[in-house]
Amino acid sequence: MNLTIFGAPGSGKGTYASRLQTKLGLSVVAMGDIFREIMKENTPLSRKVKRFVEKGLLVPDDVVVEVLKEHLAKIPKEKGLILDGFPRTVDQAKMLEAITHIDAIILLTVPDWIIIERLSTRRICKNCGEVYNVRYLKPKVENICDKCGGNLYQRPDDTAQVIKDRINVYERQTQPLLQFYRKKKMPIVEFKCEKLEMPPEVAVEEILKGLKRLSLI
Ligand code: ADP
Ligand code: ZN
C-alpha cells in the first residue's frame with residue numbers, strides 16, 4: 001500500500017506519518033527531512049536547496065523528483081510507502097504517476113490559527129526528525145527525543161515570517177492539487193483537527209478507521 005499524507009505546514013503530517021509507519025509497517029519518505037539532510041552537506045545541490053527552504057519556498061520540481069527517485073531506489077519496495085510532503089504541486093503529482101501507484105491520500109485539515117500556534121512552538125529531533133512541541137506535545141525529558149535520545153531544535157523556517165510564507169505557498173501551489181486528485185477519483189481519508197491539543201493517537205485512530213473503510217487495511 002502506498003499513501004501520501006497531505007496538509008498545510010504544521011498540520012501534523014510528520015507526526016502522524018511516523019506513528020502510522022509503526023502501526024502499518026510502511027516506510028516513511030519525508031521530503032522535508034530529506035532536504036534537511038542534504039542541507040547539512042556543502043555541495044552545489046545543498047546550496048540550491050537551502051536558497052528555497054530558508055525562504056519557505058518550494059524547491060523546484062525537477063530537483064525534488066530527482067532527489068525522491070534517488071531516495072526510493074534505496075528503500076525496500078515490498079513494504080509500501082507513506083509519502084510525507086510529496087507531491088506539493090500538480091506537476092509533481094503528474095511525475096509521481098510515472099514513479100509509483102498511490103492507493104489513497106490522507107488529508108489533514110487544520111485552521112490557520114492552530115498551524116501558526118503549533119509551528120512557532122515546534123521542536124524537531126536533530127537525529128531522527130521526530131516532531132515535538134514545547135507546549136502541546138512534550139518529550140518525556142525536556143529537549144531530548146523520546147525515540148532516540150537526540151537533542152531537539154527549532155527549525156530555522158519555523159519563524160513567524162517564514163511560517164506565513166509557507167502557508168501562502170501551501171494555499172497557492174499545493175491546495176490546487178486536491179482538485180487534481182478529486183477529478184481522478186483518488187480515495188481520500190480526511191482528518192479534521194479543530195482543537196489545538198489533539199493527541200496524535202486520536203488522529204491516528206481516525207485515519208486507520210478511514211483506511212479500513214476503504215478496505216486498504
Ligand atoms: P512543512 O512543515 O512546511 O510541511 P517540510 O519539512 O515538509 O515542512 O518541508 C520543509 C521545506 O522543504 C518546505 O518548506 C520546502 O521548501 C521544501 N520541500 C519539502 N517538500 C517539498 C516538495 N515536495 N516540493 C518542493 N519543496 C519541498
Ligand atoms: Zn530522535
# chains A, B, ... in the order shown; residues from 1 in each chain; ligands from 1
>>> residues_near_ligand(ligand="ligand 2", cutoff="9 Å", atoms="only C-alpha atoms and all ligand atoms", output="short mmCIF file (atom, residue, chain, number, x, y, z; two decimals) with N, CA, C and O atoms, in the first residue's frame")
data_model
loop_
_atom_site.label_atom_id
_atom_site.label_comp_id
_atom_site.auth_asym_id
_atom_site.auth_seq_id
_atom_site.Cartn_x
_atom_site.Cartn_y
_atom_site.Cartn_z
N ILE A 124 12.12 19.76 16.77
CA ILE A 124 12.39 18.57 15.96
C ILE A 124 13.64 17.87 16.50
O ILE A 124 14.57 18.55 16.92
N CYS A 125 13.66 16.54 16.44
CA CYS A 125 14.88 15.83 16.84
C CYS A 125 15.92 15.98 15.75
O CYS A 125 15.66 15.68 14.58
N LYS A 126 17.10 16.44 16.17
CA LYS A 126 18.21 16.64 15.24
C LYS A 126 18.64 15.34 14.59
O LYS A 126 19.10 15.30 13.46
N ASN A 127 18.45 14.27 15.34
CA ASN A 127 18.97 12.99 14.91
C ASN A 127 17.98 12.21 14.04
O ASN A 127 18.33 11.74 12.97
N CYS A 128 16.70 12.09 14.48
CA CYS A 128 15.77 11.22 13.74
C CYS A 128 14.59 11.97 13.13
O CYS A 128 13.79 11.37 12.42
N GLY A 129 14.46 13.28 13.41
CA GLY A 129 13.39 14.05 12.77
C GLY A 129 12.04 13.98 13.46
O GLY A 129 11.07 14.58 13.01
N GLU A 130 11.94 13.22 14.57
CA GLU A 130 10.66 13.13 15.30
C GLU A 130 10.19 14.54 15.72
O GLU A 130 11.00 15.40 16.04
N VAL A 131 8.87 14.74 15.68
CA VAL A 131 8.31 16.07 15.92
C VAL A 131 7.77 16.19 17.35
O VAL A 131 7.05 15.31 17.82
N ILE A 144 14.95 16.44 24.85
CA ILE A 144 15.55 15.16 24.45
C ILE A 144 14.48 14.30 23.75
O ILE A 144 13.36 14.18 24.24
N CYS A 145 14.86 13.70 22.64
CA CYS A 145 13.93 12.87 21.87
C CYS A 145 13.59 11.57 22.61
O CYS A 145 14.49 10.85 23.04
N ASP A 146 12.29 11.27 22.75
CA ASP A 146 11.85 10.03 23.40
C ASP A 146 12.34 8.80 22.64
O ASP A 146 12.60 7.76 23.21
N LYS A 147 12.40 8.95 21.31
CA LYS A 147 12.67 7.78 20.47
C LYS A 147 14.14 7.41 20.44
O LYS A 147 14.49 6.24 20.44
N CYS A 148 15.02 8.43 20.34
CA CYS A 148 16.43 8.09 20.09
C CYS A 148 17.40 8.82 21.01
O CYS A 148 18.61 8.64 20.90
N GLY A 149 16.90 9.68 21.91
CA GLY A 149 17.81 10.38 22.82
C GLY A 149 18.53 11.57 22.20
O GLY A 149 19.34 12.22 22.85
N GLY A 150 18.20 11.87 20.95
CA GLY A 150 18.83 13.02 20.27
C GLY A 150 18.36 14.35 20.85
O GLY A 150 17.36 14.41 21.57
N ASN A 151 19.11 15.43 20.56
CA ASN A 151 18.72 16.76 21.02
C ASN A 151 17.65 17.35 20.12
O ASN A 151 17.65 17.14 18.91
N LEU A 152 16.75 18.13 20.73
CA LEU A 152 15.70 18.78 19.94
C LEU A 152 16.15 20.19 19.55
O LEU A 152 16.92 20.82 20.26
#
>>> residues_near_ligand(ligand="ligand 1", cutoff="6 Å", atoms="only C-alpha atoms and all ligand atoms", output="list of chain:residue names")
A:Pro9, A:Gly10, A:Met31, A:Gly32, A:Asp33, A:Phe52, A:Val53, A:Gly56, A:Leu57, A:Leu58, A:Val59, A:Pro60, A:Val64, A:Gly85, A:Phe86, A:Pro87, A:Arg88, A:Arg166
>>> closest_residue(among="A:Leu45, A:Leu108, A:Ile38, A:Ile114", to="Lys195 of chain A", atoms="only C-alpha atoms")
A:Ile114
>>> select_by_dssp(residues="segment 84-217 of chain A", states="strand (DSSP E or B)", output="PyMOL selection string")
chain A and resi 84+104-109+122-125+131-133+137+144+151-153+188-192
>>> write_last_selection(atoms="N, CA and C atoms", output="compact mmCIF listing (two decimals), in the first residue's frame")
# COMPACT_ATOMS: atom_id res chain seq x y z
N ASP A 84 5.42 11.82 2.77
CA ASP A 84 5.09 13.00 3.58
C ASP A 84 5.69 14.22 2.91
N ALA A 104 -4.19 5.86 -1.76
CA ALA A 104 -5.08 6.82 -1.10
C ALA A 104 -4.30 8.01 -0.59
N ILE A 105 -5.06 9.08 -0.35
CA ILE A 105 -4.48 10.29 0.22
C ILE A 105 -5.03 10.48 1.61
N ILE A 106 -4.16 10.80 2.54
CA ILE A 106 -4.62 11.21 3.88
C ILE A 106 -4.59 12.73 3.88
N LEU A 107 -5.76 13.33 4.07
CA LEU A 107 -5.86 14.79 4.01
C LEU A 107 -6.07 15.36 5.41
N LEU A 108 -5.16 16.22 5.82
CA LEU A 108 -5.27 16.84 7.15
C LEU A 108 -5.77 18.27 6.99
N THR A 109 -6.90 18.57 7.61
CA THR A 109 -7.45 19.92 7.54
C THR A 109 -7.34 20.57 8.91
N ARG A 122 7.10 24.45 17.84
CA ARG A 122 7.51 23.10 17.44
C ARG A 122 9.00 22.87 17.66
N ARG A 123 9.35 21.67 18.01
CA ARG A 123 10.75 21.26 18.11
C ARG A 123 10.93 19.94 17.35
N ILE A 124 12.12 19.76 16.77
CA ILE A 124 12.39 18.57 15.96
C ILE A 124 13.64 17.87 16.50
N CYS A 125 13.66 16.54 16.44
CA CYS A 125 14.88 15.83 16.84
C CYS A 125 15.92 15.98 15.75
N VAL A 131 8.87 14.74 15.68
CA VAL A 131 8.31 16.07 15.92
C VAL A 131 7.77 16.19 17.35
N TYR A 132 8.13 17.28 18.04
CA TYR A 132 7.61 17.57 19.38
C TYR A 132 7.08 19.00 19.41
N ASN A 133 6.50 19.35 20.57
CA ASN A 133 6.04 20.71 20.75
C ASN A 133 6.24 21.08 22.21
N LEU A 137 3.03 18.89 22.82
CA LEU A 137 3.48 17.51 22.60
C LEU A 137 4.90 17.41 23.14
N ILE A 144 14.95 16.44 24.85
CA ILE A 144 15.55 15.16 24.45
C ILE A 144 14.48 14.30 23.75
N ASN A 151 19.11 15.43 20.56
CA ASN A 151 18.72 16.76 21.02
C ASN A 151 17.65 17.35 20.12
N LEU A 152 16.75 18.13 20.73
CA LEU A 152 15.70 18.78 19.94
C LEU A 152 16.15 20.19 19.55
N TYR A 153 15.67 20.67 18.40
CA TYR A 153 15.99 22.04 17.97
C TYR A 153 14.78 22.66 17.28
N ILE A 188 -9.79 9.42 -0.64
CA ILE A 188 -9.23 10.39 0.31
C ILE A 188 -9.74 10.08 1.72
N VAL A 189 -8.83 10.00 2.67
CA VAL A 189 -9.21 9.86 4.07
C VAL A 189 -8.94 11.21 4.72
N GLU A 190 -10.02 11.89 5.14
CA GLU A 190 -9.81 13.22 5.69
C GLU A 190 -9.86 13.19 7.21
N PHE A 191 -8.90 13.89 7.82
CA PHE A 191 -8.98 14.10 9.26
C PHE A 191 -8.99 15.60 9.53
N LYS A 192 -10.06 16.04 10.21
CA LYS A 192 -10.19 17.47 10.53
C LYS A 192 -9.79 17.69 11.97
>>> closest_atom_pairs(of="segment 5-96 of chain A", to="segment 197-212 of chain A", cutoff="8 Å", atoms="only C-alpha atoms", output="tab-separated table")
residue	atom	partner	partner_atom	distance
A:Thr15	CA	A:Pro200	CA	7.1
A:Tyr16	CA	A:Val204	CA	6.3
A:Arg19	CA	A:Val204	CA	7.3
A:Leu20	CA	A:Val204	CA	6.9
>>> residues_around(residues="Glu97 of chain A", least_positions_apart="4", cutoff="12 Å", atoms="only C-alpha atoms", output="ChimeraX atom specification")
/A:2,65,86-87,90-93,101-103,181,184
>>> write_last_selection(atoms="N, CA and C atoms", output="mmCIF file, in the first residue's frame")
data_model
loop_
_atom_site.group_PDB
_atom_site.id
_atom_site.type_symbol
_atom_site.label_atom_id
_atom_site.label_comp_id
_atom_site.auth_asym_id
_atom_site.auth_seq_id
_atom_site.Cartn_x
_atom_site.Cartn_y
_atom_site.Cartn_z
ATOM 1 N N ASN A 2 0.569 2.175 -0.882
ATOM 2 C CA ASN A 2 1.273 3.458 -0.922
ATOM 3 C C ASN A 2 0.299 4.584 -0.611
ATOM 4 N N VAL A 65 12.068 15.823 -7.729
ATOM 5 C CA VAL A 65 11.800 14.498 -8.294
ATOM 6 C C VAL A 65 13.092 13.676 -8.394
ATOM 7 N N PHE A 86 5.117 15.121 -0.303
ATOM 8 C CA PHE A 86 5.228 14.923 -1.749
ATOM 9 C C PHE A 86 3.983 14.209 -2.236
ATOM 10 N N PRO A 87 3.348 14.602 -3.311
ATOM 11 C CA PRO A 87 3.629 15.788 -4.130
ATOM 12 C C PRO A 87 3.093 17.074 -3.500
ATOM 13 N N VAL A 90 0.918 20.247 -8.797
ATOM 14 C CA VAL A 90 0.261 19.369 -9.769
ATOM 15 C C VAL A 90 1.316 18.692 -10.648
ATOM 16 N N ASP A 91 2.359 19.428 -11.007
ATOM 17 C CA ASP A 91 3.410 18.809 -11.820
ATOM 18 C C ASP A 91 4.097 17.655 -11.085
ATOM 19 N N GLN A 92 4.342 17.849 -9.804
ATOM 20 C CA GLN A 92 4.941 16.750 -9.034
ATOM 21 C C GLN A 92 4.004 15.545 -9.017
ATOM 22 N N ALA A 93 2.694 15.799 -8.903
ATOM 23 C CA ALA A 93 1.726 14.694 -8.876
ATOM 24 C C ALA A 93 1.761 13.928 -10.197
ATOM 25 N N HIS A 101 2.331 3.861 -7.951
ATOM 26 C CA HIS A 101 0.883 3.974 -7.806
ATOM 27 C C HIS A 101 0.550 4.431 -6.384
ATOM 28 N N ILE A 102 -0.397 5.345 -6.237
ATOM 29 C CA ILE A 102 -0.838 5.782 -4.914
ATOM 30 C C ILE A 102 -2.243 5.231 -4.669
ATOM 31 N N ASP A 103 -2.444 4.571 -3.491
ATOM 32 C CA ASP A 103 -3.737 3.961 -3.196
ATOM 33 C C ASP A 103 -4.710 4.937 -2.551
ATOM 34 N N TYR A 181 -6.627 15.556 -7.701
ATOM 35 C CA TYR A 181 -6.878 14.203 -7.224
ATOM 36 C C TYR A 181 -8.372 13.896 -7.142
ATOM 37 N N LYS A 184 -9.597 12.798 -10.395
ATOM 38 C CA LYS A 184 -9.141 11.444 -10.706
ATOM 39 C C LYS A 184 -9.819 10.391 -9.849
#
>>> residues_around(residues="Gly80 of chain A", least_positions_apart="4", cutoff="12 Å", atoms="only C-alpha atoms", output="PyMOL selection string")
chain A and resi 1-4+20-21+24-29+72+75-76+100-103+216
>>> write_last_selection(atoms="C-alpha atoms", output="tab-separated table (two decimals), in the first residue's frame")
chain	number	residue	atom	x	y	z
A	1	MET	CA	0.00	0.00	0.00
A	2	ASN	CA	1.27	3.46	-0.92
A	3	LEU	CA	-0.17	6.52	0.78
A	4	THR	CA	0.53	10.18	0.61
A	20	LEU	CA	1.39	5.18	11.01
A	21	GLN	CA	4.76	3.82	9.96
A	24	LEU	CA	1.30	-0.34	9.39
A	25	GLY	CA	4.92	-1.32	8.76
A	26	LEU	CA	5.29	1.14	5.90
A	27	SER	CA	8.40	3.18	5.04
A	28	VAL	CA	8.02	6.92	5.50
A	29	VAL	CA	9.58	9.13	2.88
A	72	LEU	CA	13.24	5.48	-3.38
A	75	ILE	CA	14.39	1.57	0.27
A	76	PRO	CA	12.67	-1.85	0.11
A	100	THR	CA	4.57	4.65	-8.43
A	101	HIS	CA	0.88	3.97	-7.81
A	102	ILE	CA	-0.84	5.78	-4.91
A	103	ASP	CA	-3.74	3.96	-3.20
A	216	LEU	CA	-6.92	-0.83	2.44
>>> residues_around(residues="Glu117 of chain A", least_positions_apart="2", cutoff="12 Å", atoms="only C-alpha atoms", output="list in words")
Pro9, Gly10, Ser11, Val110, Pro111, Asp112, Trp113, Ile114, Ile115, Leu119, Ser120, Thr121, Arg122, Asn133, Val134, Arg135, Tyr136, Asp158, Thr159, Ala160, Ile163, Lys164, Lys195, Leu196 and Glu197 of chain A
>>> select_by_dssp(residues="segment 105-155 of chain A", states="alpha helix (DSSP H)", output="number ranges by chain")
A: 112-120
